[in-house]
file structure00.csv (CSV, C-alpha atoms)
chain,number,residue,atom,x,y,z
A,185,MET,CA,133.8,-95.5,32.7
A,186,ARG,CA,131.5,-93.2,30.6
A,187,VAL,CA,133.8,-94.0,27.7
A,188,LEU,CA,133.0,-97.7,27.6
A,189,PRO,CA,129.5,-97.6,26.1
A,190,LEU,CA,130.6,-94.9,23.8
A,191,LEU,CA,133.4,-97.2,22.7
A,192,PHE,CA,130.9,-99.9,22.0
A,193,ALA,CA,128.9,-97.5,19.9
A,194,LEU,CA,131.9,-96.6,17.9
A,195,VAL,CA,132.9,-100.2,17.4
A,196,ALA,CA,129.4,-101.1,16.3
A,197,ALA,CA,129.3,-98.1,14.0
A,198,ALA,CA,132.4,-99.2,12.2
A,199,GLY,CA,130.6,-101.7,10.0
A,200,ALA,CA,127.5,-99.7,9.4
A,201,THR,CA,126.6,-98.0,6.1
A,202,ASP,CA,125.6,-94.3,6.1
A,203,ALA,CA,122.0,-95.3,5.4
A,204,GLU,CA,122.0,-97.7,8.4
A,205,GLN,CA,123.5,-95.0,10.7
A,206,ALA,CA,121.0,-92.4,9.5
A,207,ARG,CA,118.1,-94.8,10.1
A,208,ALA,CA,119.4,-95.8,13.6
A,209,LEU,CA,119.7,-92.1,14.5
A,210,ARG,CA,116.1,-91.3,13.3
A,211,LEU,CA,114.9,-94.3,15.3
A,212,ALA,CA,116.9,-93.2,18.4
A,213,GLU,CA,115.0,-89.8,18.2
A,214,ARG,CA,111.7,-91.7,18.8
A,215,PHE,CA,112.7,-93.1,22.2
A,216,ARG,CA,113.1,-91.5,25.6
A,217,CYS,CA,116.3,-91.7,27.5
A,218,PRO,CA,115.5,-93.9,30.5
A,219,THR,CA,117.5,-91.8,32.9
A,220,CYS,CA,116.7,-88.3,31.7
A,221,ARG,CA,113.1,-89.1,30.6
A,222,PHE,CA,112.3,-85.9,28.7
A,223,VAL,CA,115.2,-86.1,26.3
A,224,SER,CA,115.5,-88.6,23.4
A,225,VAL,CA,118.0,-91.4,23.3
A,226,ALA,CA,119.5,-89.6,20.3
A,227,ASP,CA,120.0,-86.3,22.2
A,228,SER,CA,121.4,-87.6,25.5
A,229,ASN,CA,124.8,-88.8,26.4
A,230,VAL,CA,124.2,-90.8,29.5
A,231,PRO,CA,125.6,-94.4,29.5
A,232,ILE,CA,122.2,-96.1,29.1
A,233,SER,CA,121.3,-93.9,26.1
A,234,ASN,CA,124.7,-94.7,24.5
A,235,GLU,CA,124.1,-98.4,25.0
A,236,ILE,CA,120.5,-98.2,23.6
A,237,ARG,CA,121.8,-96.2,20.6
A,238,ALA,CA,124.5,-98.9,19.9
A,239,LEU,CA,121.8,-101.6,20.3
A,240,ILE,CA,119.5,-99.9,17.9
A,241,LEU,CA,122.3,-99.7,15.3
A,242,ASP,CA,123.1,-103.4,15.9
A,243,LEU,CA,119.4,-104.3,15.3
A,244,VAL,CA,119.3,-102.1,12.2
A,245,MET,CA,122.4,-103.8,10.9
A,246,GLU,CA,120.8,-107.2,11.6
A,247,GLY,CA,118.0,-106.1,9.3
A,248,GLN,CA,115.2,-105.7,11.8
A,249,SER,CA,112.3,-103.4,10.9
A,250,ASN,CA,111.5,-100.2,12.8
A,251,GLU,CA,108.4,-101.9,14.2
A,252,GLU,CA,110.5,-104.8,15.5
A,253,ILE,CA,113.0,-102.6,17.2
A,254,GLU,CA,110.3,-100.5,18.8
A,255,ALA,CA,108.5,-103.6,20.0
A,256,TYR,CA,111.7,-104.9,21.6
A,257,LEU,CA,112.4,-101.6,23.5
A,258,VAL,CA,108.7,-101.4,24.6
A,259,SER,CA,108.9,-105.0,25.9
A,260,ARG,CA,111.9,-104.0,28.0
A,261,TYR,CA,110.9,-100.4,29.1
A,262,GLY,CA,107.2,-100.3,28.6
A,263,ASP,CA,105.0,-97.9,26.4
A,264,TRP,CA,106.6,-95.1,28.2
A,265,VAL,CA,109.9,-95.4,26.3
A,266,VAL,CA,108.2,-94.2,23.0
A,267,PHE,CA,107.5,-90.5,22.7
A,268,SER,CA,104.3,-91.0,20.7
A,269,PRO,CA,101.5,-92.7,22.6
A,270,PRO,CA,100.4,-96.2,21.4
A,271,THR,CA,97.5,-96.4,18.9
A,272,ARG,CA,95.4,-98.8,20.9
A,273,GLY,CA,93.1,-98.9,23.9
A,274,VAL,CA,92.5,-95.8,26.0
A,275,HIS,CA,95.6,-94.2,24.3
A,276,MET,CA,93.6,-93.8,21.1
A,277,ALA,CA,91.8,-90.8,22.7
A,278,VAL,CA,94.8,-88.6,22.2
A,279,TRP,CA,94.9,-89.5,18.5
A,280,VAL,CA,91.2,-89.4,17.8
A,281,LEU,CA,89.8,-86.5,20.0
A,282,PRO,CA,91.8,-83.6,18.5
A,283,PRO,CA,90.8,-84.2,14.9
A,284,LEU,CA,87.2,-84.8,16.0
A,285,ALA,CA,87.2,-81.6,17.9
A,286,MET,CA,88.6,-79.8,14.9
A,287,LEU,CA,86.0,-81.3,12.6
A,288,GLY,CA,83.2,-80.4,15.0
A,289,ALA,CA,84.4,-76.8,15.3
A,290,LEU,CA,84.6,-76.6,11.5
A,291,ALA,CA,81.1,-78.0,11.0
A,292,PHE,CA,79.8,-75.6,13.6
A,293,PHE,CA,81.5,-72.7,11.9
A,294,VAL,CA,80.3,-73.7,8.4
A,295,LEU,CA,76.7,-74.0,9.6
A,296,ARG,CA,76.8,-70.6,11.2
A,297,VAL,CA,78.3,-68.9,8.1
A,298,ARG,CA,75.8,-70.7,5.8
A,299,ARG,CA,72.9,-69.5,7.9
A,300,LEU,CA,74.2,-66.0,7.9
A,301,ALA,CA,74.7,-66.1,4.1
A,302,THR,CA,71.1,-67.4,3.5
A,303,ALA,CA,69.6,-64.6,5.6
A,304,PRO,CA,71.6,-61.6,4.7
A,305,GLY,CA,69.0,-59.0,5.4
A,306,ASP,CA,68.0,-60.2,8.8
A,307,GLU,CA,70.7,-58.9,11.2
A,308,GLU,CA,68.7,-59.8,14.3
A,309,ASP,CA,69.1,-63.5,13.4
A,310,GLY,CA,72.9,-63.1,13.4
A,311,SER,CA,73.1,-61.9,17.0
A,312,ASP,CA,73.1,-64.9,19.3
A,313,GLY,CA,70.7,-63.8,22.0
A,314,GLY,CA,68.0,-63.2,19.3
B,123,MET,CA,68.5,-72.4,17.2
B,124,SER,CA,71.8,-70.6,17.5
B,125,ALA,CA,71.3,-70.1,21.2
B,126,ARG,CA,70.6,-73.8,21.5
B,127,GLY,CA,73.8,-74.5,19.5
B,128,LEU,CA,75.7,-72.3,21.9
B,129,ARG,CA,74.3,-74.1,24.9
B,130,LEU,CA,75.1,-77.5,23.4
B,131,GLY,CA,78.6,-76.3,22.6
B,132,GLY,CA,79.1,-74.9,26.0
B,133,ALA,CA,77.8,-78.1,27.6
B,134,LEU,CA,80.1,-80.2,25.4
B,135,ALA,CA,83.1,-78.0,26.2
B,136,ALA,CA,82.3,-78.1,29.9
B,137,SER,CA,82.0,-81.9,30.0
B,138,ALA,CA,85.2,-82.3,28.0
B,139,LEU,CA,87.0,-80.1,30.5
B,140,VAL,CA,85.6,-82.2,33.4
B,141,VAL,CA,86.7,-85.4,31.7
B,142,PHE,CA,90.1,-83.9,31.0
B,143,ALA,CA,90.5,-82.7,34.6
B,144,LEU,CA,89.5,-86.1,35.9
B,145,TRP,CA,91.9,-87.8,33.6
B,146,VAL,CA,94.8,-85.6,34.6
B,147,GLY,CA,93.9,-86.1,38.3
B,148,ILE,CA,93.8,-89.8,38.0
B,149,THR,CA,96.9,-90.3,35.9
B,150,LYS,CA,99.1,-87.5,37.1
B,151,ARG,CA,102.4,-88.6,38.3
B,152,SER,CA,105.4,-86.7,39.5
B,153,PRO,CA,108.3,-86.8,37.0
B,154,SER,CA,110.5,-88.3,39.6
B,155,ASP,CA,108.1,-91.2,40.5
B,156,PRO,CA,109.6,-94.6,39.7
B,157,LEU,CA,108.2,-96.0,36.4
B,158,PRO,CA,106.5,-99.4,36.3
B,159,SER,CA,108.7,-102.2,35.1
B,160,ALA,CA,107.7,-103.8,31.8
B,161,LEU,CA,109.1,-107.1,33.2
B,162,GLU,CA,106.7,-107.5,36.1
B,163,SER,CA,105.0,-110.9,35.8
B,164,GLU,CA,107.1,-111.7,32.8
B,165,ARG,CA,109.7,-114.5,32.6
B,166,VAL,CA,113.2,-113.4,33.4
B,167,PRO,CA,115.1,-112.1,30.2
B,168,ALA,CA,117.2,-114.7,28.3
B,169,ALA,CA,120.5,-115.2,30.0
B,170,VAL,CA,123.6,-113.3,28.7
B,171,MET,CA,127.2,-114.1,29.5
B,172,LEU,CA,128.7,-111.6,31.9
B,173,PRO,CA,132.1,-111.5,33.6
B,174,VAL,CA,132.0,-112.5,37.3
B,175,LEU,CA,133.4,-110.1,39.9
B,176,ASP,CA,135.9,-111.4,42.4
B,177,PRO,CA,136.1,-109.1,45.5
B,178,GLN,CA,139.8,-110.2,46.0
B,179,GLN,CA,140.9,-109.4,42.4
B,180,GLU,CA,141.3,-106.2,40.4
B,181,GLU,CA,140.2,-108.1,37.3
B,182,THR,CA,137.0,-109.9,36.6
B,183,GLY,CA,136.9,-113.7,36.4
B,184,ASP,CA,135.5,-115.9,33.6
B,185,PRO,CA,132.0,-115.1,32.3
B,186,ALA,CA,129.0,-116.9,33.6
B,187,PRO,CA,125.3,-116.8,32.4
B,188,PHE,CA,123.1,-114.1,34.0
B,189,LEU,CA,120.5,-114.8,35.0
B,190,ALA,CA,120.5,-118.6,35.3
B,191,PRO,CA,118.7,-120.5,38.0
B,192,MET,CA,120.9,-120.7,41.1
B,193,GLY,CA,118.9,-123.2,43.1
B,194,GLU,CA,119.2,-127.0,43.5
B,195,ASN,CA,119.9,-129.1,40.4
B,196,GLY,CA,119.7,-126.1,38.1
B,197,GLY,CA,116.3,-125.1,39.4
B,198,TRP,CA,115.1,-121.7,40.6
B,199,PRO,CA,115.5,-121.1,44.4
B,200,LEU,CA,112.6,-119.9,46.5
B,201,VAL,CA,113.2,-116.3,45.5
B,202,THR,CA,116.1,-114.8,43.6
B,203,VAL,CA,116.8,-111.2,44.5
B,204,VAL,CA,118.6,-109.4,41.7
B,205,ASN,CA,120.3,-106.1,42.6
B,206,PHE,CA,121.7,-103.7,40.0
B,207,TRP,CA,124.3,-101.3,41.3
B,208,GLY,CA,127.4,-99.3,40.6
B,209,SER,CA,130.3,-98.2,42.8
B,210,TRP,CA,129.5,-94.7,41.4
B,211,CYS,CA,126.0,-94.8,43.0
B,212,LEU,CA,125.5,-93.3,46.5
B,213,ALA,CA,122.1,-95.0,47.2
B,214,CYS,CA,123.9,-98.3,46.5
B,215,GLU,CA,126.4,-97.5,49.2
B,216,VAL,CA,123.4,-96.9,51.6
B,217,GLU,CA,121.6,-100.2,50.9
B,218,MET,CA,124.6,-102.5,50.5
B,219,PRO,CA,125.0,-103.4,54.3
B,220,GLU,CA,121.4,-104.6,54.3
B,221,LEU,CA,121.9,-106.7,51.2
B,222,VAL,CA,125.1,-108.2,52.7
B,223,LEU,CA,123.3,-108.9,56.0
B,224,LEU,CA,120.4,-110.8,54.3
B,225,SER,CA,122.6,-112.6,51.9
B,226,ALA,CA,124.6,-114.1,54.8
B,227,GLU,CA,121.4,-115.1,56.5
B,228,TRP,CA,120.2,-116.8,53.3
B,229,GLU,CA,123.5,-118.6,52.8
B,230,GLU,CA,123.2,-120.0,56.3
B,231,CYS,CA,119.6,-120.9,55.6
B,232,ALA,CA,120.7,-122.9,52.5
B,233,VAL,CA,123.2,-124.9,54.6
B,234,ARG,CA,120.5,-125.7,57.2
B,235,ARG,CA,117.4,-126.2,55.1
B,236,GLY,CA,118.7,-126.8,51.5
B,237,LYS,CA,119.0,-124.4,48.6
B,238,ALA,CA,115.4,-124.8,47.4
B,239,ALA,CA,113.9,-123.5,50.6
B,240,CYS,CA,115.9,-120.3,50.8
B,241,PRO,CA,116.2,-117.0,48.8
B,242,VAL,CA,119.4,-116.2,46.9
B,243,MET,CA,121.0,-112.8,46.4
B,244,VAL,CA,122.8,-111.9,43.2
B,245,GLY,CA,124.2,-108.6,42.1
B,246,VAL,CA,125.1,-106.8,38.8
B,247,ALA,CA,127.4,-103.9,38.8
B,248,PHE,CA,127.1,-101.8,35.6
B,249,TYR,CA,129.1,-99.0,33.8
B,250,ASP,CA,131.9,-99.6,36.3
B,251,THR,CA,135.5,-100.7,36.4
B,252,PRO,CA,136.4,-104.1,37.7
B,253,ALA,CA,138.8,-102.6,40.2
B,254,ASN,CA,136.2,-100.1,41.6
B,255,ALA,CA,133.4,-102.7,41.7
B,256,SER,CA,135.6,-105.3,43.4
B,257,ALA,CA,136.8,-102.7,46.0
B,258,PHE,CA,133.1,-101.8,46.7
B,259,LEU,CA,132.3,-105.5,47.3
B,260,ARG,CA,135.4,-106.0,49.4
B,261,ARG,CA,134.6,-102.9,51.5
B,262,HIS,CA,131.1,-104.2,52.3
B,263,GLY,CA,132.2,-107.8,52.8
B,264,ALA,CA,129.9,-109.0,50.1
B,265,THR,CA,130.5,-112.7,49.2
B,266,TYR,CA,127.4,-113.5,47.0
B,267,ARG,CA,127.7,-113.7,43.3
B,268,ASN,CA,128.2,-110.4,41.5
B,269,PHE,CA,128.5,-109.8,37.7
B,270,LEU,CA,129.8,-106.8,35.8
B,271,ASP,CA,127.9,-105.4,32.8
B,272,ASN,CA,129.6,-102.8,30.6
B,273,GLY,CA,127.5,-102.9,27.4
B,274,GLY,CA,126.9,-106.7,28.0
B,275,LYS,CA,123.1,-106.3,27.1
B,276,ALA,CA,121.7,-107.2,30.6
B,277,ILE,CA,120.9,-103.5,31.4
B,278,VAL,CA,118.6,-103.1,28.4
B,279,GLU,CA,117.3,-106.6,28.7
B,280,TRP,CA,116.1,-105.9,32.2
B,281,GLY,CA,114.9,-102.4,31.4
B,282,ILE,CA,117.2,-100.7,33.9
B,283,TYR,CA,117.1,-96.9,34.0
B,284,GLY,CA,119.1,-96.1,37.1
B,285,ALA,CA,120.8,-97.6,40.1
B,286,PRO,CA,120.0,-99.1,42.4
B,287,GLU,CA,117.2,-101.3,41.1
B,288,THR,CA,116.2,-104.6,42.8
B,289,PHE,CA,114.1,-107.3,41.2
B,290,PHE,CA,112.4,-110.3,42.9
B,291,VAL,CA,112.2,-113.5,40.8
B,292,ASP,CA,109.9,-116.3,41.9
B,293,SER,CA,110.6,-120.0,42.1
B,294,ARG,CA,109.3,-120.5,38.5
B,295,GLY,CA,111.6,-117.8,37.0
B,296,TYR,CA,109.1,-115.0,36.7
B,297,VAL,CA,109.9,-111.4,37.7
B,298,ARG,CA,107.3,-110.4,40.4
B,299,HIS,CA,108.5,-107.0,41.7
B,300,ARG,CA,110.9,-104.3,40.9
B,301,HIS,CA,112.1,-101.8,43.6
B,302,VAL,CA,113.7,-98.5,42.6
B,303,GLY,CA,116.1,-96.8,44.8
B,304,ALA,CA,117.9,-97.9,48.0
B,305,ILE,CA,116.0,-100.8,49.6
B,306,SER,CA,115.8,-101.5,53.4
B,307,GLU,CA,116.1,-104.8,55.2
B,308,GLU,CA,112.3,-104.6,56.0
B,309,GLU,CA,111.4,-104.1,52.4
B,310,LEU,CA,113.6,-106.9,51.3
B,311,ARG,CA,112.0,-109.3,53.8
B,312,GLU,CA,108.5,-108.1,53.0
B,313,TRP,CA,109.0,-108.7,49.2
B,314,VAL,CA,110.8,-112.0,49.6
B,315,ALA,CA,107.9,-113.2,51.7
B,316,LYS,CA,105.3,-112.0,49.2
B,317,VAL,CA,107.1,-113.4,46.2
B,318,ALA,CA,107.7,-116.7,48.0
B,319,ALA,CA,104.0,-116.9,48.7
B,320,MET,CA,103.3,-116.4,44.9
B,321,GLY,CA,105.1,-119.7,44.2

call {"tool": "encode", "arguments": {"input": "structure00.csv", "output": "structure tokens"}}
result
Amino acid sequence: MRVLPLLFALVAAAGATDAEQARALRLAERFRCPTCRFVSVADSNVPISNEIRALILDLVMEGQSNEEIEAYLVSRYGDWVVFSPPTRGVHMAVWVLPPLAMLGALAFFVLRVRRLATAPGDEEDGSDGG
Amino acid sequence: MSARGLRLGGALAASALVVFALWVGITKRSPSDPLPSALESERVPAAVMLPVLDPQQEETGDPAPFLAPMGENGGWPLVTVVNFWGSWCLACEVEMPELVLLSAEWEECAVRRGKAACPVMVGVAFYDTPANASAFLRRHGATYRNFLDNGGKAIVEWGIYGAPETFFVDSRGYVRHRHVGAISEEELREWVAKVAAMG
């Protein structure tokens, strides 16, 4: 019975333009396969992924936006179904902390270099222990 | 100054590491742990039309709405237990006798005390052939209502990611609990009692 969802996907794909199919495929890459979890819906061939791919294409053909389609799948499977963490609440940490850490490191580096540049003769100042 | 900077940096790095370790420790889950259902404490998904399985037939019968209230006068019964399964699923084979046992008990309860006072069992086979699904029901002597969903949208609507999964719907039509994997008679009774108490 693996064939059935696949058949549905093919039937749905029949009326879709190339652009719609390409958009549906790009979208499918953003969601996890519910069964295999670490593979995207686009990359897996289990029945549930086939059905979700067909559903995404249906919704694309209905004219739904990427955000609407994502909101629908999240409402059914939870935040977990999207590969990128949501940009709200505690999840913001994974988006904000890395750039902040980079900026901090850059500032630290720039300050050190500038201090070394303004005191070129004094090598003692350059060594950390002083 | 630079020594202080280093100390500050070290302290920051150390505290960041501690926070990270705590975070991982608190949120770490095994990849095989069941995932939480996005439906919990939500209203049941909008009903879709699905063919009904007949244990005595190789073909499915006329479609009916899934999930519609199955209690008295079109209302929700005390608890609706919704079991998703497939004849291809080994764990479903394991739990089926318990489901059949309890469904018979609840049907008897409905006769004695009225539909509103008793739980109801309903099943959905998915990605299955009508013949295989019917044979599965026949083999286990299941008489409660079972649907068949092959791309009929119920699977995605309910956020199913494997079989078996068992949902408990309260008497107002809200999903209260989802159990992943084979369920036992004790767990069924426990959750029916809990959900019945929720109203």

call {"tool": "closest_atom_pairs", "arguments": {"input": "structure00.csv", "of": "chain B", "to": "chain A", "cutoff": "8 Å", "atoms": "all atoms listed in the file", "output": "tab-separated table"}}
result
residue	atom	partner	partner_atom	distance
B:Ser124	CA	A:Asp312	CA	6.1
B:Ala125	CA	A:Asp312	CA	5.8
B:Pro158	CA	A:Gly262	CA	7.8
B:Ser159	CA	A:Tyr261	CA	6.6
B:Ala160	CA	A:Gly262	CA	4.8
B:Leu161	CA	A:Arg260	CA	6.7
B:Tyr249	CA	A:Met185	CA	6.0
B:Asp250	CA	A:Met185	CA	5.8
B:Thr251	CA	A:Met185	CA	6.6
B:Asn272	CA	A:Leu188	CA	6.8
B:Gly273	CA	A:Pro189	CA	5.8
B:Ile277	CA	A:Ile232	CA	7.9
B:Val278	CA	A:Arg260	CA	6.8
B:Glu279	CA	A:Arg260	CA	6.0
B:Trp280	CA	A:Arg260	CA	6.2
B:Gly281	CA	A:Arg260	CA	4.8
B:Ile282	CA	A:Pro218	CA	7.8
B:Tyr283	CA	A:Pro218	CA	4.9
B:Gly284	CA	A:Thr219	CA	6.2

call {"tool": "closest_residue", "arguments": {"input": "structure00.csv", "among": "B:Leu223, B:Val291, B:Ile148, B:Leu310", "to": "Arg165 (chain B)", "atoms": "all atoms listed in the file"}}
result
B:Val291

call {"tool": "atom_distance", "arguments": {"input": "structure00.csv", "atom1": "CA of Ala247 (chain B)", "atom2": "CA of Met320 (chain B)"}}
result
27.8 Å

call {"tool": "atom_distance", "arguments": {"input": "structure00.csv", "atom1": "CA of Leu259 (chain B)", "atom2": "CA of Met218 (chain B)"}}
result
8.9 Å

call {"tool": "residues_around", "arguments": {"input": "structure00.csv", "residues": "Glu162 (chain B)", "least_positions_apart": "4", "cutoff": "6 Å", "atoms": "only C-alpha atoms", "output": "count of residues only"}}
result
3

call {"tool": "closest_residue", "arguments": {"input": "structure00.csv", "among": "B:Phe248, B:Gly274, B:Glu227, B:Ala255", "to": "Ala169 (chain B)", "atoms": "all atoms listed in the file"}}
result
B:Gly274

call {"tool": "residues_near_point", "arguments": {"input": "structure00.csv", "point": "(127.6, -108.1, 42.2)", "cutoff": "12 Å", "atoms": "only C-alpha atoms", "output": "ChimeraX atom specification"}}
result
/B:172-177,182,188,203-209,214,218,221-222,225,243-248,250,252,254-260,262-271,286,288
